[in-house]
Structures are given as C-alpha cells and as structure tokens.
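Student: What follows is model.pdb, made up of PDB, C-alpha atoms:
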```pdb
ATOM      1  CA  MET V   1    -150.299   0.009   0.003  1.00  0.00           C
ATOM      2  CA  TYR V   2    -150.787  -2.972  -2.334  1.00  0.00           C
ATOM      3  CA  LEU V   3    -149.303  -3.996  -5.659  1.00  0.00           C
ATOM      4  CA  PHE V   4    -151.491  -6.545  -7.431  1.00  0.00           C
ATOM      5  CA  LEU V   5    -149.635  -8.393 -10.191  1.00  0.00           C
ATOM      6  CA  ILE V   6    -152.284 -10.009 -12.357  1.00  0.00           C
ATOM      7  CA  ARG V   7    -150.757 -12.644 -14.613  1.00  0.00           C
ATOM      8  CA  GLY V   8    -152.388 -14.843 -17.217  1.00  0.00           C
ATOM      9  CA  LEU V   9    -152.466 -15.800 -20.846  1.00  0.00           C
ATOM     10  CA  PRO V  10    -154.183 -13.404 -23.276  1.00  0.00           C
ATOM     11  CA  GLY V  11    -157.944 -13.716 -22.891  1.00  0.00           C
ATOM     12  CA  SER V  12    -157.814 -15.154 -19.358  1.00  0.00           C
ATOM     13  CA  GLY V  13    -159.537 -12.149 -17.758  1.00  0.00           C
ATOM     14  CA  LYS V  14    -156.723  -9.965 -16.404  1.00  0.00           C
ATOM     15  CA  ASP V  15    -158.349  -6.652 -17.349  1.00  0.00           C
ATOM     16  CA  THR V  16    -161.744  -7.827 -16.091  1.00  0.00           C
ATOM     17  CA  LEU V  17    -160.279  -8.737 -12.703  1.00  0.00           C
ATOM     18  CA  ALA V  18    -158.411  -5.426 -12.483  1.00  0.00           C
ATOM     19  CA  GLY V  19    -161.630  -3.575 -13.259  1.00  0.00           C
ATOM     20  CA  ARG V  20    -163.340  -5.378 -10.409  1.00  0.00           C
ATOM     21  CA  LEU V  21    -160.498  -4.402  -8.072  1.00  0.00           C
ATOM     22  CA  LYS V  22    -160.810  -0.794  -9.164  1.00  0.00           C
ATOM     23  CA  GLY V  23    -164.551  -0.962  -8.608  1.00  0.00           C
ATOM     24  CA  THR V  24    -163.939  -1.582  -4.922  1.00  0.00           C
ATOM     25  CA  THR V  25    -162.066   1.700  -4.414  1.00  0.00           C
ATOM     26  CA  GLU V  26    -160.878   4.707  -6.383  1.00  0.00           C
ATOM     27  CA  LEU V  27    -157.438   4.239  -4.845  1.00  0.00           C
ATOM     28  CA  VAL V  28    -156.462   1.496  -7.315  1.00  0.00           C
ATOM     29  CA  GLN V  29    -154.531   2.535 -10.423  1.00  0.00           C
ATOM     30  CA  ILE V  30    -154.448  -0.002 -13.287  1.00  0.00           C
ATOM     31  CA  HIS V  31    -151.488  -0.217 -15.664  1.00  0.00           C
ATOM     32  CA  SER V  32    -150.445  -2.556 -18.461  1.00  0.00           C
ATOM     33  CA  ALA V  33    -147.741  -2.716 -21.113  1.00  0.00           C
ATOM     34  CA  ASP V  34    -150.655  -2.765 -23.585  1.00  0.00           C
ATOM     35  CA  ASP V  35    -151.414   0.847 -22.595  1.00  0.00           C
ATOM     36  CA  PHE V  36    -148.326   1.866 -24.568  1.00  0.00           C
ATOM     37  CA  PHE V  37    -149.846   0.558 -27.811  1.00  0.00           C
ATOM     38  CA  VAL V  38    -152.985   2.665 -27.622  1.00  0.00           C
ATOM     39  CA  THR V  39    -153.034   5.502 -30.140  1.00  0.00           C
ATOM     40  CA  HIS V  40    -155.092   8.634 -30.610  1.00  0.00           C
ATOM     41  CA  ASN V  41    -155.394   9.817 -34.209  1.00  0.00           C
ATOM     42  CA  GLY V  42    -152.235   7.862 -35.013  1.00  0.00           C
ATOM     43  CA  GLU V  43    -150.190   9.508 -32.251  1.00  0.00           C
ATOM     44  CA  TRP V  44    -148.814   7.527 -29.309  1.00  0.00           C
ATOM     45  CA  THR V  45    -150.466   8.672 -26.113  1.00  0.00           C
ATOM     46  CA  LYS V  46    -151.098   7.224 -22.685  1.00  0.00           C
ATOM     47  CA  HIS V  47    -154.629   8.559 -22.112  1.00  0.00           C
ATOM     48  CA  PRO V  48    -156.387   9.041 -25.447  1.00  0.00           C
ATOM     49  CA  PHE V  49    -159.886  10.298 -26.035  1.00  0.00           C
ATOM     50  CA  GLU V  50    -160.496   7.858 -28.902  1.00  0.00           C
ATOM     51  CA  THR V  51    -158.393   4.719 -28.769  1.00  0.00           C
ATOM     52  CA  VAL V  52    -156.945   2.349 -31.335  1.00  0.00           C
ATOM     53  CA  TYR V  53    -154.708  -0.552 -30.336  1.00  0.00           C
ATOM     54  CA  LYS V  54    -151.626  -0.656 -32.566  1.00  0.00           C
ATOM     55  CA  PHE V  55    -149.170  -3.372 -31.453  1.00  0.00           C
ATOM     56  CA  ASP V  56    -145.541  -3.225 -32.578  1.00  0.00           C
ATOM     57  CA  PRO V  57    -143.368  -6.049 -31.190  1.00  0.00           C
ATOM     58  CA  LYS V  58    -140.224  -3.971 -31.705  1.00  0.00           C
ATOM     59  CA  MET V  59    -141.583  -1.526 -29.118  1.00  0.00           C
ATOM     60  CA  LEU V  60    -142.137  -4.124 -26.359  1.00  0.00           C
ATOM     61  CA  PRO V  61    -139.072  -3.110 -24.309  1.00  0.00           C
ATOM     62  CA  GLN V  62    -140.273   0.520 -24.288  1.00  0.00           C
ATOM     63  CA  ALA V  63    -143.826  -0.594 -23.447  1.00  0.00           C
ATOM     64  CA  HIS V  64    -142.647  -2.557 -20.422  1.00  0.00           C
ATOM     65  CA  LYS V  65    -140.409   0.301 -19.263  1.00  0.00           C
ATOM     66  CA  ALA V  66    -143.354   2.710 -19.535  1.00  0.00           C
ATOM     67  CA  CYS V  67    -145.558   0.339 -17.508  1.00  0.00           C
ATOM     68  CA  GLN V  68    -142.878   0.048 -14.826  1.00  0.00           C
ATOM     69  CA  GLN V  69    -142.595   3.846 -14.693  1.00  0.00           C
ATOM     70  CA  ASP V  70    -146.379   4.195 -14.408  1.00  0.00           C
ATOM     71  CA  CYS V  71    -146.330   1.695 -11.546  1.00  0.00           C
ATOM     72  CA  ASP V  72    -143.491   3.549  -9.812  1.00  0.00           C
ATOM     73  CA  ASP V  73    -145.299   6.889 -10.175  1.00  0.00           C
ATOM     74  CA  SER V  74    -148.585   5.507  -8.824  1.00  0.00           C
ATOM     75  CA  LEU V  75    -146.904   3.851  -5.845  1.00  0.00           C
ATOM     76  CA  GLU V  76    -144.993   7.074  -5.173  1.00  0.00           C
ATOM     77  CA  ASP V  77    -148.333   8.922  -5.123  1.00  0.00           C
ATOM     78  CA  GLY V  78    -149.673   6.449  -2.541  1.00  0.00           C
ATOM     79  CA  TYR V  79    -152.052   4.465  -4.736  1.00  0.00           C
ATOM     80  CA  ASP V  80    -152.679   0.744  -4.679  1.00  0.00           C
ATOM     81  CA  VAL V  81    -151.683  -0.540  -8.126  1.00  0.00           C
ATOM     82  CA  ALA V  82    -152.850  -3.395 -10.333  1.00  0.00           C
ATOM     83  CA  ILE V  83    -150.558  -4.426 -13.184  1.00  0.00           C
ATOM     84  CA  CYS V  84    -152.126  -6.583 -15.912  1.00  0.00           C
ATOM     85  CA  ASN V  85    -149.473  -8.320 -17.978  1.00  0.00           C
ATOM     86  CA  THR V  86    -148.922 -11.882 -19.123  1.00  0.00           C
ATOM     87  CA  PHE V  87    -145.955 -12.354 -16.737  1.00  0.00           C
ATOM     88  CA  SER V  88    -145.280 -15.869 -18.030  1.00  0.00           C
ATOM     89  CA  CYS V  89    -141.842 -15.993 -16.370  1.00  0.00           C
ATOM     90  CA  ARG V  90    -140.414 -14.860 -13.022  1.00  0.00           C
ATOM     91  CA  TRP V  91    -137.970 -12.421 -14.587  1.00  0.00           C
ATOM     92  CA  GLU V  92    -140.920 -10.469 -16.030  1.00  0.00           C
ATOM     93  CA  LEU V  93    -142.351 -10.001 -12.518  1.00  0.00           C
ATOM     94  CA  GLN V  94    -139.029  -9.008 -10.944  1.00  0.00           C
ATOM     95  CA  PRO V  95    -138.984  -5.263 -11.781  1.00  0.00           C
ATOM     96  CA  TYR V  96    -142.380  -4.923 -10.066  1.00  0.00           C
ATOM     97  CA  LEU V  97    -141.268  -6.956  -7.062  1.00  0.00           C
ATOM     98  CA  ASP V  98    -138.320  -4.557  -6.783  1.00  0.00           C
ATOM     99  CA  LEU V  99    -140.638  -1.530  -7.000  1.00  0.00           C
ATOM    100  CA  ALA V 100    -142.871  -2.972  -4.287  1.00  0.00           C
ATOM    101  CA  LYS V 101    -139.875  -3.406  -2.025  1.00  0.00           C
ATOM    102  CA  GLU V 102    -138.704   0.139  -2.744  1.00  0.00           C
ATOM    103  CA  HIS V 103    -142.147   1.552  -1.869  1.00  0.00           C
ATOM    104  CA  ASP V 104    -142.845  -0.869   0.999  1.00  0.00           C
ATOM    105  CA  ALA V 105    -145.938  -2.174  -0.809  1.00  0.00           C
ATOM    106  CA  THR V 106    -147.484  -5.575  -0.145  1.00  0.00           C
ATOM    107  CA  VAL V 107    -147.405  -7.762  -3.273  1.00  0.00           C
ATOM    108  CA  ILE V 108    -150.315  -9.991  -4.219  1.00  0.00           C
ATOM    109  CA  VAL V 109    -149.738 -12.131  -7.323  1.00  0.00           C
ATOM    110  CA  MET V 110    -152.992 -13.212  -8.926  1.00  0.00           C
ATOM    111  CA  ASP V 111    -152.438 -16.088 -11.340  1.00  0.00           C
ATOM    112  CA  LEU V 112    -155.254 -16.568 -13.854  1.00  0.00           C
ATOM    113  CA  PHE V 113    -153.144 -18.695 -16.257  1.00  0.00           C
ATOM    114  CA  ASP V 114    -155.743 -19.905 -18.782  1.00  0.00           C
ATOM    115  CA  ALA V 115    -159.031 -19.629 -16.841  1.00  0.00           C
ATOM    116  CA  GLY V 116    -159.726 -23.221 -17.917  1.00  0.00           C
ATOM    117  CA  LEU V 117    -159.853 -22.295 -21.604  1.00  0.00           C
ATOM    118  CA  THR V 118    -158.085 -23.821 -24.599  1.00  0.00           C
ATOM    119  CA  ASP V 119    -155.610 -21.819 -26.671  1.00  0.00           C
ATOM    120  CA  GLU V 120    -158.256 -21.463 -29.369  1.00  0.00           C
ATOM    121  CA  GLU V 121    -160.822 -20.124 -26.899  1.00  0.00           C
ATOM    122  CA  LEU V 122    -158.269 -17.680 -25.474  1.00  0.00           C
ATOM    123  CA  ALA V 123    -157.433 -16.483 -29.005  1.00  0.00           C
ATOM    124  CA  GLU V 124    -161.123 -15.790 -29.627  1.00  0.00           C
ATOM    125  CA  ARG V 125    -161.576 -13.987 -26.278  1.00  0.00           C
ATOM    126  CA  ASN V 126    -158.501 -11.782 -26.086  1.00  0.00           C
ATOM    127  CA  THR V 127    -159.033  -8.152 -27.038  1.00  0.00           C
ATOM    128  CA  HIS V 128    -155.679  -7.548 -28.763  1.00  0.00           C
ATOM    129  CA  GLY V 129    -155.767 -10.164 -31.502  1.00  0.00           C
ATOM    130  CA  VAL V 130    -153.019 -12.393 -30.070  1.00  0.00           C
ATOM    131  CA  PRO V 131    -152.938 -15.439 -32.367  1.00  0.00           C
ATOM    132  CA  VAL V 132    -153.358 -18.996 -31.107  1.00  0.00           C
ATOM    133  CA  GLU V 133    -149.722 -19.833 -31.985  1.00  0.00           C
ATOM    134  CA  SER V 134    -148.437 -17.066 -29.698  1.00  0.00           C
ATOM    135  CA  ILE V 135    -150.734 -18.146 -26.891  1.00  0.00           C
ATOM    136  CA  ALA V 136    -149.502 -21.742 -27.248  1.00  0.00           C
ATOM    137  CA  ALA V 137    -145.881 -20.518 -27.044  1.00  0.00           C
ATOM    138  CA  MET V 138    -146.681 -18.523 -23.889  1.00  0.00           C
ATOM    139  CA  ARG V 139    -148.341 -21.600 -22.381  1.00  0.00           C
ATOM    140  CA  ARG V 140    -145.217 -23.701 -23.066  1.00  0.00           C
ATOM    141  CA  ARG V 141    -142.908 -21.257 -21.264  1.00  0.00           C
ATOM    142  CA  TRP V 142    -145.300 -20.603 -18.349  1.00  0.00           C
ATOM    143  CA  GLU V 143    -143.643 -20.790 -14.936  1.00  0.00           C
ATOM    144  CA  SER V 144    -146.478 -21.882 -12.624  1.00  0.00           C
ATOM    145  CA  GLU V 145    -144.298 -21.914  -9.522  1.00  0.00           C
ATOM    146  CA  TRP V 146    -142.662 -18.616 -10.494  1.00  0.00           C
ATOM    147  CA  THR V 147    -140.921 -18.116  -7.133  1.00  0.00           C
ATOM    148  CA  MET V 148    -138.656 -21.083  -7.907  1.00  0.00           C
ATOM    149  CA  TYR V 149    -137.249 -19.574 -11.108  1.00  0.00           C
ATOM    150  CA  SER V 150    -134.487 -17.083 -11.805  1.00  0.00           C
ATOM    151  CA  PRO V 151    -135.303 -13.384 -11.396  1.00  0.00           C
ATOM    152  CA  LEU V 152    -132.749 -12.585 -14.113  1.00  0.00           C
ATOM    153  CA  PRO V 153    -133.762 -12.230 -17.759  1.00  0.00           C
ATOM    154  CA  PRO V 154    -132.389 -15.022 -19.978  1.00  0.00           C
ATOM    155  CA  TRP V 155    -129.745 -12.768 -21.565  1.00  0.00           C
ATOM    156  CA  GLU V 156    -128.238 -12.026 -18.116  1.00  0.00           C
ATOM    157  CA  ARG V 157    -128.037 -15.610 -16.857  1.00  0.00           C
TER     158      ARG V 157
END
```
Here is the file; what I need is its structure written in the form of structure tokens.

Tutor:
Amino acid sequence: MYLFLIRGLPGSGKDTLAGRLKGTTELVQIHSADDFFVTHNGEWTKHPFETVYKFDPKMLPQAHKACQQDCDDSLEDGYDVAICNTFSCRWELQPYLDLAKEHDATVIVMDLFDAGLTDEELAERNTHGVPVESIAAMRRRWESEWTMYSPLPPWER
C-alpha cells in the first residue's frame, strides 16, 4: 500500500499529477483539504453533484482534520492514497507520515514546488483563486529539505 504526498505551491499541478496516478489504477483514492470547501447548493458536503468552491480560512483546521480522516479511512480500506496539499512545512506532512506508519504504507513524497513558474503565473493557474501575495508567502516559508525540519507545529515547539 502506498501513500503519495503531493506537495507544491497553488497552481503547480498537484491535482493534475494525482489524476494521472489515479488513471493508472482504480485503487488510488485522492484527497485534499480543499475537498472540505466544496459545497452543494450552499451545504457543506464531501461528494457533491454540483460543486462550488467556498474557501473559509477559519475552517482550515477542520478541513485538514477531515482530509486526515479521509486518508485514514482509505488506508484502512486497503487503498493506495494520494494527498494533494501545499505541505510547505514538515509539520504539515507529519500527521500523514504517522498514518502511513500506523497502516504500514510506503510513503512517496512528490515535491512539485513551483513547477518552474513565477508567483504571478501560479496565481493565474491555480483553480482556487489563491492570490499572488499568499503564494509568495508560501514560497518564503517553503521547507525544501523537509526531513531536516521539526515535525511539531510552531505552537508546540
């Protein structure tokens, strides 16, 4: 069983890569914290018929918890899993690394970072309207060699 952690700035191609992974086998489940912000007729739902993306930064902790739970459920059911999140810092990867260990899954971290694009190009490409200023801030805090950084969130250090 595999857990693919696809990390990159908004617009770098995380969802595209995950779709290609899924295209190789039906045994890959794709999850993202962004899934939480998809609505159906104004109601929060995980698998809507008609979708609208409605981001609320105050709900980010719940969105990440929901993504972690989706990952846990899929691994428990025996699926390979691809998680598409920015994962700019090690501590953001850690809950998934822990889940992989718990389920004896092999972890493959796929680092797309910026796909060679500028912040402005990424802002134009990303599908969730992340502004260039936010992308620039994510770029500044990016931990390229993530294994060398603390697995603890900043508020626990």

Student: List as an MDAnalysis selection string: which residues have an atom within 8 Å of (-159.3, -14.4, -18.9), counting all atoms listed in the file?

Tutor: chainID V and resid 8:16 112:115 122 125:126

Student: Using C-alpha atoms, can you export the residues from the last selection as a PDB file, in the frame of the given file?

Tutor:
```pdb
ATOM      1  CA  GLY V   8    -152.388 -14.843 -17.217  1.00  0.00           C
ATOM      2  CA  LEU V   9    -152.466 -15.800 -20.846  1.00  0.00           C
ATOM      3  CA  PRO V  10    -154.183 -13.404 -23.276  1.00  0.00           C
ATOM      4  CA  GLY V  11    -157.944 -13.716 -22.891  1.00  0.00           C
ATOM      5  CA  SER V  12    -157.814 -15.154 -19.358  1.00  0.00           C
ATOM      6  CA  GLY V  13    -159.537 -12.149 -17.758  1.00  0.00           C
ATOM      7  CA  LYS V  14    -156.723  -9.965 -16.404  1.00  0.00           C
ATOM      8  CA  ASP V  15    -158.349  -6.652 -17.349  1.00  0.00           C
ATOM      9  CA  THR V  16    -161.744  -7.827 -16.091  1.00  0.00           C
ATOM     10  CA  LEU V 112    -155.254 -16.568 -13.854  1.00  0.00           C
ATOM     11  CA  PHE V 113    -153.144 -18.695 -16.257  1.00  0.00           C
ATOM     12  CA  ASP V 114    -155.743 -19.905 -18.782  1.00  0.00           C
ATOM     13  CA  ALA V 115    -159.031 -19.629 -16.841  1.00  0.00           C
ATOM     14  CA  LEU V 122    -158.269 -17.680 -25.474  1.00  0.00           C
ATOM     15  CA  ARG V 125    -161.576 -13.987 -26.278  1.00  0.00           C
ATOM     16  CA  ASN V 126    -158.501 -11.782 -26.086  1.00  0.00           C
TER      17      ASN V 126
END
```

Student: Identify which of the residues V:His103, V:Arg90, V:Lys54, V:His31 lies closest to Tyr2 (chain V), counting all atoms listed in the file when measuring atom-to-atom distances.

Tutor: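 The shortest atom-to-atom distance to Tyr2 (chain V) comes from V:His103.
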
Student: So, with all atoms listed in the file as the atoms that count, which of V:Ala136, V:Val109, V:Glu121, V:Val52 lies closest to Ala82 (chain V)?

Tutor: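 Checking each of V:Ala136, V:Val109, V:Glu121, V:Val52 against Ala82 (chain V), counting all atoms listed in the file, the winner is V:Val109.
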
Student: Quote the spacing between CA of Cys67 (chain V) and CA of Asp34 (chain V) in Å to one decimal place.

Tutor: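 Distance reported for this atom pair: 8.5 Å.
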
Student: When you count all atoms listed in the file, which of these residues is closest to Ile83 (chain V): V:Asp98, V:Asp70, V:Glu120, V:Glu26?

Tutor: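 Looking at the shortest contact to Ile83 (chain V), the residue is V:Asp70.
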